[in-house]
Amino acid sequence: MKLGPTNRRIAAGLSLVFFAALPARAEPAGAPRAAAVILTPPPGPQPRINGARVFGVRPGHPFLYTIAATGDRPMTFSAENLPAGLKLDANTGRITGAAPERGTFQVRLLASNALGAARRELRIEVGDRIALTPPMGWNSWNCFAGAVTAAKVKAAADAMVKSGLIQHGWQYLNVDDFWQVHRDDRDPTLQGPHRDAQGRILPNPRFPDMPGLADYIHRLGLKAGLYSSPGPWTCGGCVASWQHEVQDAQSYAEWGFDYLKYDWCSYDGVAPRGKKRSLDDLKKPYLVMRDALRRQPRDIVFSLCQYGMGQVWEWGDAVGGNCWRTTGDITDTWESLSEIGFGQAGREACAGPGRWNDPDMLIVGQVGWGPRLHPTRLTPDEQYTHISLWCLLCAPLLIGCDMTQLDDFTRSLLTNDEVLEVNQDPLGQQAGRVVQTGDVEVWAKRMEDGSRAVGLFNRGAQAARVAAPWSDLGLSGRQRVRDLWRQRDVGVFEGRFETVVPSHGVALLRIFKEEI
Ligand code: GAL
């Protein structure tokens with residue numbers, strides 16, 4: 001590496017900053033928790049447009065895209081070259097309607113307030129593919145699990161707006177298991193008829209008005225999701241979709257839901273077992289639900305959940321999945337996070353716009369799988385690693401915490417637009433591991449503009465020097481290195497970049513060709 005004196009100083013400074021801001025060792029159990037240092041700069045008062053730069057919709061289906069923008073309010077929005085059938089509300093920034101004509105539409109968005117204006121391109125693809133960037137939102141499971149209620153989901157939706165997360169591209173509010181009636185639970189709020197006389201699924205008493213819930217979420221500019229299973233029961237023992245797939249898909253669409261997580265569980269009792277189980281048996285229930293969803297006049301993101309069986313990443317797209325869990329359930333420990341997260345290496349060729357590997361939901365903030373919650377057991381460094389790695393992996397980002405108890409540190413992890421851009425980049429390339437030396441790993445992905453997003457990770461118990469050689473990144477010459485968490489340029493480097501990364505920590509960088 002050739003460093004000029006200035007770069008050497010800056011690079012040394014970066015190491016020191018990482019040392020100072022982030023603890024060098026994993027804390028022993030029972031020790032005081034490491035201070036949570038916020039690195040994300042607060043958003044400025046001028047308008048800045050965030051969120052997905054590409055959005056897919058099927059022709060004629062209901063359209064909702066809320067322009068995510070930070071900056072002082074009031075703010076007004078305009079858009080040029082919207083496809084016919086769509087309209088923008090200048091005050092809320094919501095684009096709604098239905099676009100009947102297939103095609104690619106290069107839309108120019110403008111957001112203005114008293115201090116200035118921001119412009120950005122949004123590519124709208126009216127065609128067969130949806131979820132062209134990884135879904136971003138919230139799911140009820142990692143906080144409430146079997147204690148979820150419609151009131152809690154509405155409170156989460158309100159918090160998505162009040163906390164400002166909506167201004168950074170977060171949009172889905174997904175109800176996981178336990179909105180249906182339970183097969184044998186004594187809790188009266190889980191009891192009731194399973195289906196009506198026509199066989200249509202009935203929610204449990206905690207969810208008295210499903211269309212009302214979806215409508216509540218849509219009125220905030222957000223989207224709504226649900227959960228079911230191809231077997232007779234969900235994983236938690238509630239009524240699922242076995243032999244009612246078309247009716248259930250119809251109900252979801254009529255109620256106005258936009259996302260379905262479809263979990264294997266009791267389908268184990270339906271599918272052939274052991275050696276008799278073929279790849280076709282694994283695919284079958286997902287094909288059935290894919291066809292049922294495709295018959296609906298509404299786009300419903302299809303999220304497969306079967307923990308990676310039969311290497312689902314190789315065929316999840318072919319059975320209509322927009323994303324597929326590649327692993328069992330995550331929990332809020334370093335062991336779980338690192339085993340799942342770093343275990344994603346080698347699957348990058350299977351992901352792309354509309355088809356994402358899903359290493360499970362986020363475990364930051366107040367989690368607990370209901371009803372009692374606790375702060376995540378991850379250290380601050382481990383949380384930086386979690387968000388950085390999930391962004392590099394183009395993973396669906398589903399917040400798993402109680403949104404009404406979002407603390408400043410957790411919010412800072414979820415609102416760093418330069419970090420989220422790594423996840424939402426329109427090229428949709430999942431990062432791969434390019435260096436692995438002992439506990440040290442470098443993961444990198446190409447961004448649409450030709451720059452690289454690079455994570456320097458240290459899985460060890462001691463701080464370590466981590467180097468990213470240009471040759472491993474497909475780069476050469478002079479490159480500008482930007483620290484994404486701090487949103488600051490570090491300097492211009494030749495040949496490689498290296499810095500000291502704390503135990504279980506990360507330096508998340510974007511590397512741009514330096515124009516001469
Ligand atoms: C599991 C799934 C979890 C959650 C749970 C609900 O199988 O992996 O994410 O959905 O079922 O019972």
# chains A, B, ... in the order shown; residues from 1 in each chain; ligands from 1
$ select_by_dssp --residues "region 231-458 of chain A" --states "alpha helix (DSSP H)" --output "NGL selection string"
:A and (245-255 or 279-294 or 334-342 or 380-392 or 408-414 or 417-424)
$ residues_around --residues "Glu421 (chain A)" --least-positions-apart "4" --cutoff "8 Å" --atoms "only C-alpha atoms" --output "list in words"
Gly51, Asp417 and Asp425 of chain A
$ write_last_selection --atoms "N, CA, C and O atoms" --output "PDB file, in the first residue's frame"
ATOM      1  N   GLY A  51     -34.282   5.651   0.284  1.00  0.00           N
ATOM      2  CA  GLY A  51     -35.127   4.505  -0.089  1.00  0.00           C
ATOM      3  C   GLY A  51     -34.774   3.933  -1.451  1.00  0.00           C
ATOM      4  O   GLY A  51     -33.799   4.327  -2.096  1.00  0.00           O
ATOM      5  N   ASP A 417     -28.542   6.236   6.020  1.00  0.00           N
ATOM      6  CA  ASP A 417     -28.931   6.073   4.606  1.00  0.00           C
ATOM      7  C   ASP A 417     -27.796   5.532   3.744  1.00  0.00           C
ATOM      8  O   ASP A 417     -28.045   4.818   2.777  1.00  0.00           O
ATOM      9  N   ASP A 425     -29.264  -1.133  -3.123  1.00  0.00           N
ATOM     10  CA  ASP A 425     -28.676  -0.800  -4.421  1.00  0.00           C
ATOM     11  C   ASP A 425     -29.393  -1.549  -5.561  1.00  0.00           C
ATOM     12  O   ASP A 425     -29.622  -2.758  -5.454  1.00  0.00           O
TER      13      ASP A 425
END
$ residues_near_ligand --ligand "ligand 1" --cutoff "9 Å" --atoms "only C-alpha atoms and all ligand atoms" --output "VMD selection string"
chain A and resid 140 to 142 145 to 146 176 to 178 227 to 228 234 to 238 261 to 265 305 to 307 325 327 to 330 360 to 361
$ write_last_selection --atoms "N, CA, C and O atoms" --output "short mmCIF file (atom, residue, chain, number, x, y, z; two decimals), in the first residue's frame"
data_model
loop_
_atom_site.label_atom_id
_atom_site.label_comp_id
_atom_site.auth_asym_id
_atom_site.auth_seq_id
_atom_site.Cartn_x
_atom_site.Cartn_y
_atom_site.Cartn_z
N SER A 140 -43.57 -9.10 13.60
CA SER A 140 -43.95 -9.17 15.02
C SER A 140 -43.25 -10.28 15.81
O SER A 140 -43.30 -10.28 17.04
N TRP A 141 -42.59 -11.25 15.11
CA TRP A 141 -42.19 -12.47 15.81
C TRP A 141 -41.11 -12.27 16.87
O TRP A 141 -41.26 -12.73 18.01
N ASN A 142 -40.00 -11.62 16.53
CA ASN A 142 -38.87 -11.56 17.46
C ASN A 142 -39.15 -10.73 18.71
O ASN A 142 -38.39 -10.78 19.67
N ALA A 145 -43.99 -12.58 19.34
CA ALA A 145 -44.31 -14.00 19.08
C ALA A 145 -45.80 -14.25 19.31
O ALA A 145 -46.64 -13.57 18.72
N GLY A 146 -46.15 -15.18 20.21
CA GLY A 146 -47.56 -15.55 20.43
C GLY A 146 -48.36 -14.50 21.18
O GLY A 146 -49.55 -14.72 21.46
N ASP A 176 -46.73 -11.87 12.06
CA ASP A 176 -46.25 -13.26 11.95
C ASP A 176 -47.33 -14.19 12.50
O ASP A 176 -48.53 -13.87 12.44
N ASP A 177 -46.95 -15.30 13.05
CA ASP A 177 -47.88 -16.30 13.57
C ASP A 177 -48.80 -15.70 14.65
O ASP A 177 -48.47 -14.68 15.24
N PHE A 178 -49.93 -16.35 14.88
CA PHE A 178 -50.86 -16.04 15.98
C PHE A 178 -51.87 -14.94 15.65
O PHE A 178 -52.44 -14.37 16.57
N TYR A 227 -48.80 -14.04 7.68
CA TYR A 227 -48.03 -15.27 7.83
C TYR A 227 -48.95 -16.47 7.77
O TYR A 227 -50.06 -16.43 8.32
N SER A 228 -48.54 -17.54 7.09
CA SER A 228 -49.28 -18.81 7.16
C SER A 228 -48.32 -19.96 6.86
O SER A 228 -47.11 -19.76 6.73
N THR A 234 -49.95 -23.73 11.70
CA THR A 234 -48.70 -22.95 11.66
C THR A 234 -47.71 -23.56 12.66
O THR A 234 -48.06 -24.47 13.41
N CYS A 235 -46.52 -22.98 12.69
CA CYS A 235 -45.52 -23.51 13.62
C CYS A 235 -45.97 -23.35 15.06
O CYS A 235 -45.61 -24.13 15.92
N GLY A 236 -46.75 -22.33 15.33
CA GLY A 236 -47.22 -22.10 16.70
C GLY A 236 -48.53 -22.84 17.00
O GLY A 236 -49.05 -22.71 18.10
N GLY A 237 -49.08 -23.57 16.03
CA GLY A 237 -50.29 -24.36 16.29
C GLY A 237 -51.58 -23.63 15.95
O GLY A 237 -52.64 -23.98 16.47
N CYS A 238 -51.52 -22.62 15.11
CA CYS A 238 -52.74 -21.92 14.68
C CYS A 238 -53.19 -22.48 13.32
O CYS A 238 -52.45 -23.21 12.65
N LYS A 261 -45.51 -14.46 4.42
CA LYS A 261 -44.44 -15.38 4.84
C LYS A 261 -45.08 -16.75 4.99
O LYS A 261 -46.08 -16.89 5.69
N TYR A 262 -44.52 -17.75 4.32
CA TYR A 262 -45.17 -19.05 4.23
C TYR A 262 -44.22 -20.11 4.78
O TYR A 262 -43.23 -20.46 4.16
N ASP A 263 -44.57 -20.61 5.96
CA ASP A 263 -43.65 -21.38 6.81
C ASP A 263 -43.98 -22.87 6.75
O ASP A 263 -45.14 -23.26 6.86
N TRP A 264 -43.00 -23.70 6.62
CA TRP A 264 -43.17 -25.13 6.36
C TRP A 264 -43.89 -25.88 7.49
O TRP A 264 -44.96 -26.46 7.31
N CYS A 265 -43.25 -25.96 8.64
CA CYS A 265 -43.74 -26.62 9.86
C CYS A 265 -44.63 -27.84 9.65
O CYS A 265 -44.15 -28.87 9.20
N CYS A 305 -40.39 -19.77 3.91
CA CYS A 305 -39.71 -20.03 5.18
C CYS A 305 -39.69 -21.54 5.36
O CYS A 305 -40.70 -22.13 5.70
N GLN A 306 -38.56 -22.15 5.03
CA GLN A 306 -38.42 -23.59 5.28
C GLN A 306 -36.97 -23.91 5.65
O GLN A 306 -36.52 -25.02 5.49
N TYR A 307 -36.28 -22.88 6.16
CA TYR A 307 -35.00 -23.03 6.86
C TYR A 307 -33.86 -23.55 5.98
O TYR A 307 -32.86 -24.05 6.50
N ARG A 325 -35.88 -18.06 3.42
CA ARG A 325 -35.00 -18.25 4.57
C ARG A 325 -33.97 -19.32 4.22
O ARG A 325 -34.32 -20.37 3.68
N THR A 327 -31.85 -20.42 6.67
CA THR A 327 -31.40 -20.97 7.95
C THR A 327 -32.58 -21.19 8.90
O THR A 327 -33.68 -20.71 8.65
N GLY A 328 -32.28 -21.83 10.03
CA GLY A 328 -33.23 -21.89 11.15
C GLY A 328 -33.37 -20.51 11.79
O GLY A 328 -32.83 -19.52 11.28
N ASP A 329 -34.06 -20.48 12.91
CA ASP A 329 -34.36 -19.18 13.54
C ASP A 329 -33.12 -18.56 14.18
O ASP A 329 -32.34 -19.23 14.83
N ILE A 330 -33.03 -17.25 14.02
CA ILE A 330 -31.95 -16.49 14.65
C ILE A 330 -32.36 -16.16 16.09
O ILE A 330 -33.55 -16.10 16.41
N ASP A 360 -32.77 -14.47 8.01
CA ASP A 360 -33.70 -14.23 9.13
C ASP A 360 -33.64 -12.77 9.60
O ASP A 360 -32.84 -11.98 9.15
N MET A 361 -34.52 -12.51 10.58
CA MET A 361 -34.84 -11.11 10.90
C MET A 361 -33.82 -10.47 11.84
O MET A 361 -32.96 -11.14 12.39
#
$ select_by_dssp --residues "region 32-128 of chain A" --states "strand (DSSP E)" --output "PyMOL selection string"
chain A and resi 48-50+54-57+63-66+68-70+76-80+86-88+94-97+103-113+116-126
$ write_last_selection --atoms "N, CA and C atoms" --output "compact mmCIF listing (two decimals), in the first residue's frame"
# COMPACT_ATOMS: atom_id res chain seq x y z
N ARG A 48 -33.39 15.32 1.51
CA ARG A 48 -32.56 14.24 0.93
C ARG A 48 -33.51 13.09 0.65
N ILE A 49 -33.49 12.59 -0.57
CA ILE A 49 -34.39 11.47 -0.92
C ILE A 49 -33.65 10.16 -0.67
N ASN A 50 -34.31 9.27 0.05
CA ASN A 50 -33.72 7.98 0.42
C ASN A 50 -34.57 6.85 -0.16
N VAL A 54 -35.38 1.68 -7.35
CA VAL A 54 -36.08 0.91 -8.39
C VAL A 54 -37.25 0.21 -7.71
N PHE A 55 -38.38 0.16 -8.41
CA PHE A 55 -39.59 -0.39 -7.81
C PHE A 55 -40.36 -1.16 -8.87
N GLY A 56 -40.70 -2.40 -8.55
CA GLY A 56 -41.42 -3.24 -9.51
C GLY A 56 -42.88 -3.41 -9.13
N VAL A 57 -43.75 -3.42 -10.13
CA VAL A 57 -45.18 -3.61 -9.89
C VAL A 57 -45.73 -4.39 -11.08
N PHE A 63 -50.89 0.24 -6.64
CA PHE A 63 -49.52 0.74 -6.52
C PHE A 63 -49.42 1.60 -5.28
N LEU A 64 -48.39 1.40 -4.49
CA LEU A 64 -48.11 2.33 -3.38
C LEU A 64 -46.60 2.42 -3.22
N TYR A 65 -46.07 3.61 -3.43
CA TYR A 65 -44.65 3.87 -3.18
C TYR A 65 -44.60 5.20 -2.45
N THR A 66 -44.08 5.16 -1.23
CA THR A 66 -43.96 6.40 -0.46
C THR A 66 -42.54 6.92 -0.62
N ALA A 68 -39.36 8.27 0.39
CA ALA A 68 -38.72 8.41 1.69
C ALA A 68 -37.78 9.62 1.59
N ALA A 69 -37.96 10.59 2.46
CA ALA A 69 -37.08 11.76 2.40
C ALA A 69 -36.92 12.36 3.79
N THR A 70 -35.67 12.67 4.12
CA THR A 70 -35.40 13.39 5.37
C THR A 70 -35.30 14.88 5.05
N THR A 76 -42.58 19.45 0.04
CA THR A 76 -43.50 19.11 -1.06
C THR A 76 -42.75 18.27 -2.09
N PHE A 77 -43.53 17.47 -2.79
CA PHE A 77 -42.95 16.49 -3.70
C PHE A 77 -43.52 16.67 -5.09
N SER A 78 -42.71 16.38 -6.11
CA SER A 78 -43.24 16.29 -7.46
C SER A 78 -42.50 15.18 -8.20
N ALA A 79 -43.10 14.72 -9.29
CA ALA A 79 -42.50 13.62 -10.05
C ALA A 79 -42.77 13.84 -11.52
N GLU A 80 -41.73 13.67 -12.36
CA GLU A 80 -41.89 13.77 -13.81
C GLU A 80 -41.81 12.38 -14.41
N LEU A 86 -50.74 6.48 -12.60
CA LEU A 86 -50.21 6.76 -11.28
C LEU A 86 -50.28 8.25 -10.99
N LYS A 87 -50.49 8.57 -9.70
CA LYS A 87 -50.47 9.99 -9.33
C LYS A 87 -49.73 10.16 -8.01
N LEU A 88 -49.16 11.35 -7.86
CA LEU A 88 -48.38 11.64 -6.65
C LEU A 88 -49.14 12.64 -5.80
N ARG A 94 -46.71 10.30 -1.53
CA ARG A 94 -47.15 8.94 -1.85
C ARG A 94 -47.58 8.85 -3.31
N ILE A 95 -47.05 7.85 -3.99
CA ILE A 95 -47.46 7.60 -5.38
C ILE A 95 -48.41 6.41 -5.34
N THR A 96 -49.62 6.61 -5.86
CA THR A 96 -50.64 5.56 -5.82
C THR A 96 -51.30 5.44 -7.20
N GLY A 97 -52.18 4.47 -7.33
CA GLY A 97 -52.92 4.26 -8.57
C GLY A 97 -52.66 2.86 -9.07
N GLY A 103 -43.61 -1.77 -18.93
CA GLY A 103 -42.47 -0.99 -19.42
C GLY A 103 -41.61 -0.50 -18.28
N THR A 104 -40.51 0.16 -18.68
CA THR A 104 -39.59 0.76 -17.71
C THR A 104 -39.78 2.26 -17.76
N PHE A 105 -40.02 2.86 -16.62
CA PHE A 105 -40.29 4.29 -16.58
C PHE A 105 -39.25 4.97 -15.68
N GLN A 106 -38.50 5.84 -16.28
CA GLN A 106 -37.45 6.56 -15.53
C GLN A 106 -38.10 7.83 -14.98
N VAL A 107 -38.43 7.81 -13.71
CA VAL A 107 -39.16 8.93 -13.09
C VAL A 107 -38.17 9.84 -12.36
N ARG A 108 -38.40 11.16 -12.49
CA ARG A 108 -37.55 12.11 -11.76
C ARG A 108 -38.32 12.65 -10.57
N LEU A 109 -37.82 12.37 -9.37
CA LEU A 109 -38.49 12.82 -8.15
C LEU A 109 -37.84 14.12 -7.68
N LEU A 110 -38.67 14.97 -7.08
CA LEU A 110 -38.17 16.22 -6.51
C LEU A 110 -38.81 16.39 -5.14
N ALA A 111 -37.99 16.70 -4.15
CA ALA A 111 -38.50 16.99 -2.80
C ALA A 111 -37.98 18.37 -2.41
N SER A 112 -38.87 19.28 -2.01
CA SER A 112 -38.41 20.65 -1.68
C SER A 112 -38.95 21.08 -0.32
N ASN A 113 -38.12 21.84 0.37
CA ASN A 113 -38.59 22.52 1.58
C ASN A 113 -38.02 23.94 1.57
N GLY A 116 -34.29 24.18 0.44
CA GLY A 116 -33.73 23.73 -0.83
C GLY A 116 -34.52 22.58 -1.42
N ALA A 117 -33.87 21.91 -2.37
CA ALA A 117 -34.56 20.83 -3.08
C ALA A 117 -33.59 19.67 -3.30
N ALA A 118 -34.14 18.47 -3.36
CA ALA A 118 -33.34 17.29 -3.71
C ALA A 118 -34.01 16.60 -4.88
N ARG A 119 -33.18 16.08 -5.79
CA ARG A 119 -33.69 15.37 -6.96
C ARG A 119 -33.16 13.95 -6.93
N ARG A 120 -33.94 13.03 -7.45
CA ARG A 120 -33.43 11.67 -7.60
C ARG A 120 -34.25 10.91 -8.62
N GLU A 121 -33.60 9.97 -9.27
CA GLU A 121 -34.29 9.12 -10.25
C GLU A 121 -34.92 7.94 -9.53
N LEU A 122 -36.11 7.57 -9.97
CA LEU A 122 -36.75 6.33 -9.50
C LEU A 122 -37.13 5.55 -10.75
N ARG A 123 -36.63 4.32 -10.87
CA ARG A 123 -37.00 3.50 -12.03
C ARG A 123 -38.19 2.63 -11.64
N ILE A 124 -39.30 2.83 -12.34
CA ILE A 124 -40.48 1.99 -12.08
C ILE A 124 -40.56 0.94 -13.17
N GLU A 125 -40.55 -0.31 -12.77
CA GLU A 125 -40.62 -1.42 -13.73
C GLU A 125 -42.01 -2.03 -13.64
N VAL A 126 -42.82 -1.79 -14.66
CA VAL A 126 -44.14 -2.42 -14.69
C VAL A 126 -43.98 -3.72 -15.48
$ residues_around --residues "Thr40 (chain A)" --least-positions-apart "4" --cutoff "12 Å" --atoms "only C-alpha atoms" --output "CSV table (one decimal) with N, CA and C atoms, in the first residue's frame"
chain,number,residue,atom,x,y,z
A,36,ALA,N,-22.9,2.3,24.0
A,36,ALA,CA,-23.3,2.2,22.7
A,36,ALA,C,-23.1,3.6,22.0
A,44,GLY,N,-29.7,16.0,7.9
A,44,GLY,CA,-29.7,17.4,7.8
A,44,GLY,C,-31.1,18.0,7.6
A,384,TYR,N,-23.4,-3.4,15.1
A,384,TYR,CA,-22.9,-2.8,13.8
A,384,TYR,C,-22.5,-3.9,12.8
A,408,ASP,N,-32.3,5.6,21.1
A,408,ASP,CA,-31.6,6.3,20.1
A,408,ASP,C,-30.5,5.5,19.3
A,409,PHE,N,-29.9,4.6,20.1
A,409,PHE,CA,-28.8,3.8,19.4
A,409,PHE,C,-29.4,2.9,18.4
A,410,THR,N,-30.5,2.2,18.7
A,410,THR,CA,-31.1,1.3,17.8
A,410,THR,C,-31.6,2.1,16.6
A,411,ARG,N,-32.2,3.2,16.8
A,411,ARG,CA,-32.7,4.1,15.7
A,411,ARG,C,-31.5,4.4,14.8
A,412,SER,N,-30.4,4.8,15.4
A,412,SER,CA,-29.2,5.2,14.6
A,412,SER,C,-28.8,4.0,13.7
A,413,LEU,N,-28.9,2.8,14.2
A,413,LEU,CA,-28.5,1.6,13.4
A,413,LEU,C,-29.4,1.5,12.2
A,414,LEU,N,-30.6,1.9,12.3
A,414,LEU,CA,-31.6,1.6,11.3
A,414,LEU,C,-31.9,2.8,10.4
A,415,THR,N,-31.2,3.9,10.6
A,415,THR,CA,-31.5,5.1,9.8
A,415,THR,C,-30.3,5.7,9.1
A,416,ASN,N,-29.2,4.9,8.9
A,416,ASN,CA,-28.1,5.4,8.2
A,416,ASN,C,-28.2,5.2,6.7
A,417,ASP,N,-28.5,6.2,6.0
A,417,ASP,CA,-28.9,6.1,4.6
A,417,ASP,C,-27.8,5.5,3.7
A,418,GLU,N,-26.6,5.9,4.1
A,418,GLU,CA,-25.5,5.3,3.2
A,418,GLU,C,-25.3,3.8,3.5
A,419,VAL,N,-25.6,3.4,4.7
A,419,VAL,CA,-25.5,2.0,5.0
A,419,VAL,C,-26.7,1.2,4.3
A,420,LEU,N,-27.9,1.8,4.4
A,420,LEU,CA,-29.1,1.2,3.8
A,420,LEU,C,-28.9,1.1,2.3
A,483,ASP,N,-16.1,5.9,4.9
A,483,ASP,CA,-16.5,5.2,6.1
A,483,ASP,C,-18.1,5.4,6.1
A,484,LEU,N,-18.8,4.3,5.9
A,484,LEU,CA,-20.3,4.5,5.7
A,484,LEU,C,-21.0,4.8,7.0
A,485,TRP,N,-20.6,4.2,8.1
A,485,TRP,CA,-21.3,4.5,9.4
A,485,TRP,C,-21.1,5.9,9.7
A,486,ARG,N,-19.9,6.5,9.6
A,486,ARG,CA,-19.7,7.9,9.9
A,486,ARG,C,-20.0,8.8,8.8
A,487,GLN,N,-20.3,8.3,7.6
A,487,GLN,CA,-20.6,9.1,6.4
A,487,GLN,C,-19.5,10.1,6.1
A,488,ARG,N,-18.2,9.6,6.2
A,488,ARG,CA,-17.1,10.5,6.0
A,488,ARG,C,-16.0,9.8,5.1
$ residues_around --residues "Val161 (chain A)" --least-positions-apart "3" --cutoff "10 Å" --atoms "only C-alpha atoms" --output "count of residues only"
12
$ residues_around --residues "Lys223 (chain A)" --least-positions-apart "4" --cutoff "7 Å" --atoms "only C-alpha atoms" --output "PyMOL selection string"
chain A and resi 171-173+217-218+258
$ write_last_selection --atoms "N, CA and C atoms" --output "JSON list (two decimals), in the first residue's frame"
[["chain", "number", "residue", "atom", "x", "y", "z"],
["A", 171, "GLN", "N", -40.89, 0.08, 5.19],
["A", 171, "GLN", "CA", -42.29, 0.12, 4.76],
["A", 171, "GLN", "C", -43.20, -1.02, 5.22],
["A", 172, "TYR", "N", -42.72, -2.24, 5.36],
["A", 172, "TYR", "CA", -43.66, -3.33, 5.67],
["A", 172, "TYR", "C", -43.91, -3.47, 7.18],
["A", 173, "LEU", "N", -45.17, -3.74, 7.52],
["A", 173, "LEU", "CA", -45.56, -4.10, 8.88],
["A", 173, "LEU", "C", -46.13, -5.50, 8.79],
["A", 217, "ILE", "N", -52.69, 0.66, 8.07],
["A", 217, "ILE", "CA", -51.26, 0.66, 7.71],
["A", 217, "ILE", "C", -51.05, 1.42, 6.39],
["A", 218, "HIS", "N", -51.94, 1.17, 5.42],
["A", 218, "HIS", "CA", -51.81, 1.85, 4.11],
["A", 218, "HIS", "C", -51.99, 3.36, 4.25],
["A", 258, "ASP", "N", -50.02, -7.20, 1.55],
["A", 258, "ASP", "CA", -49.01, -7.01, 0.50],
["A", 258, "ASP", "C", -47.84, -7.99, 0.59]]
$ residues_around --residues "region 336-342 of chain A" --least-positions-apart "5" --cutoff "10 Å" --atoms "only C-alpha atoms" --output "list in words"
Thr326, Thr327, Gly328, Asp329, Ile330, Thr331, Asp358, Pro359, Asp360, Leu362, Ile363, Leu378, Glu382, Gln383, Thr385, His386, Leu389, Trp390, Leu393, Ala395, Gly432, Arg433, Glu441, Trp443, Phe457, Arg459 and His504 of chain A
$ residues_around --residues "region 283-288 of chain A" --least-positions-apart "3" --cutoff "12 Å" --atoms "only C-alpha atoms" --output "ChimeraX atom specification"
/A:228-232,241-249,260-268,270-272,277-280,291-295,302-306,308-324
$ atom_distance --atom1 "CA of Ser388 (chain A)" --atom2 "CA of Gly474 (chain A)"
20.7 Å
$ closest_residue --among "A:Ala349, A:Trp334, A:Cys401, A:Leu392" --to "Arg377 (chain A)" --atoms "only C-alpha atoms"
A:Trp334
$ atom_distance --atom1 "CA of Ser251 (chain A)" --atom2 "CA of Gln296 (chain A)"
9.6 Å
$ closest_residue --among "A:Gly127, A:Gly225, A:Gly137, A:Pro380" --to "Ile38 (chain A)" --atoms "only C-alpha atoms"
A:Pro380
$ closest_residue --among "A:Arg298, A:Arg510, A:Arg372, A:Arg219" --to "Val148 (chain A)" --atoms "only C-alpha atoms"
A:Arg372
$ decode --residues "region 56-60 of chain A" --atoms "all heavy atoms" --output "PDB file, in the first residue's frame"
ATOM      1  N   GLY A  56     -40.702  -2.405  -8.553  1.00  0.00           N
ATOM      2  CA  GLY A  56     -41.422  -3.243  -9.513  1.00  0.00           C
ATOM      3  C   GLY A  56     -42.877  -3.407  -9.130  1.00  0.00           C
ATOM      4  O   GLY A  56     -43.207  -3.536  -7.951  1.00  0.00           O
ATOM      5  N   VAL A  57     -43.745  -3.420 -10.127  1.00  0.00           N
ATOM      6  CA  VAL A  57     -45.176  -3.612  -9.890  1.00  0.00           C
ATOM      7  C   VAL A  57     -45.735  -4.385 -11.077  1.00  0.00           C
ATOM      8  O   VAL A  57     -45.232  -4.253 -12.207  1.00  0.00           O
ATOM      9  CB  VAL A  57     -45.892  -2.253  -9.715  1.00  0.00           C
ATOM     10  CG1 VAL A  57     -45.864  -1.441 -11.000  1.00  0.00           C
ATOM     11  CG2 VAL A  57     -47.323  -2.407  -9.215  1.00  0.00           C
ATOM     12  N   ARG A  58     -46.766  -5.206 -10.839  1.00  0.00           N
ATOM     13  CA  ARG A  58     -47.390  -5.918 -11.956  1.00  0.00           C
ATOM     14  C   ARG A  58     -48.442  -5.009 -12.589  1.00  0.00           C
ATOM     15  O   ARG A  58     -49.062  -4.189 -11.887  1.00  0.00           O
ATOM     16  CB  ARG A  58     -47.997  -7.233 -11.455  1.00  0.00           C
ATOM     17  CG  ARG A  58     -46.895  -8.142 -10.878  1.00  0.00           C
ATOM     18  CD  ARG A  58     -47.266  -9.616 -10.861  1.00  0.00           C
ATOM     19  NE  ARG A  58     -46.131 -10.396 -10.385  1.00  0.00           N
ATOM     20  CZ  ARG A  58     -46.004 -10.889  -9.141  1.00  0.00           C
ATOM     21  NH1 ARG A  58     -46.974 -10.727  -8.257  1.00  0.00           N
ATOM     22  NH2 ARG A  58     -44.941 -11.561  -8.796  1.00  0.00           N
ATOM     23  N   PRO A  59     -48.650  -5.155 -13.913  1.00  0.00           N
ATOM     24  CA  PRO A  59     -49.546  -4.229 -14.619  1.00  0.00           C
ATOM     25  C   PRO A  59     -50.943  -4.228 -14.012  1.00  0.00           C
ATOM     26  O   PRO A  59     -51.513  -5.297 -13.760  1.00  0.00           O
ATOM     27  CB  PRO A  59     -49.591  -4.781 -16.050  1.00  0.00           C
ATOM     28  CG  PRO A  59     -48.466  -5.756 -16.152  1.00  0.00           C
ATOM     29  CD  PRO A  59     -48.058  -6.168 -14.785  1.00  0.00           C
ATOM     30  N   GLY A  60     -51.468  -3.033 -13.767  1.00  0.00           N
ATOM     31  CA  GLY A  60     -52.848  -2.884 -13.304  1.00  0.00           C
ATOM     32  C   GLY A  60     -53.055  -3.157 -11.821  1.00  0.00           C
ATOM     33  O   GLY A  60     -54.169  -3.002 -11.323  1.00  0.00           O
TER      34      GLY A  60
END
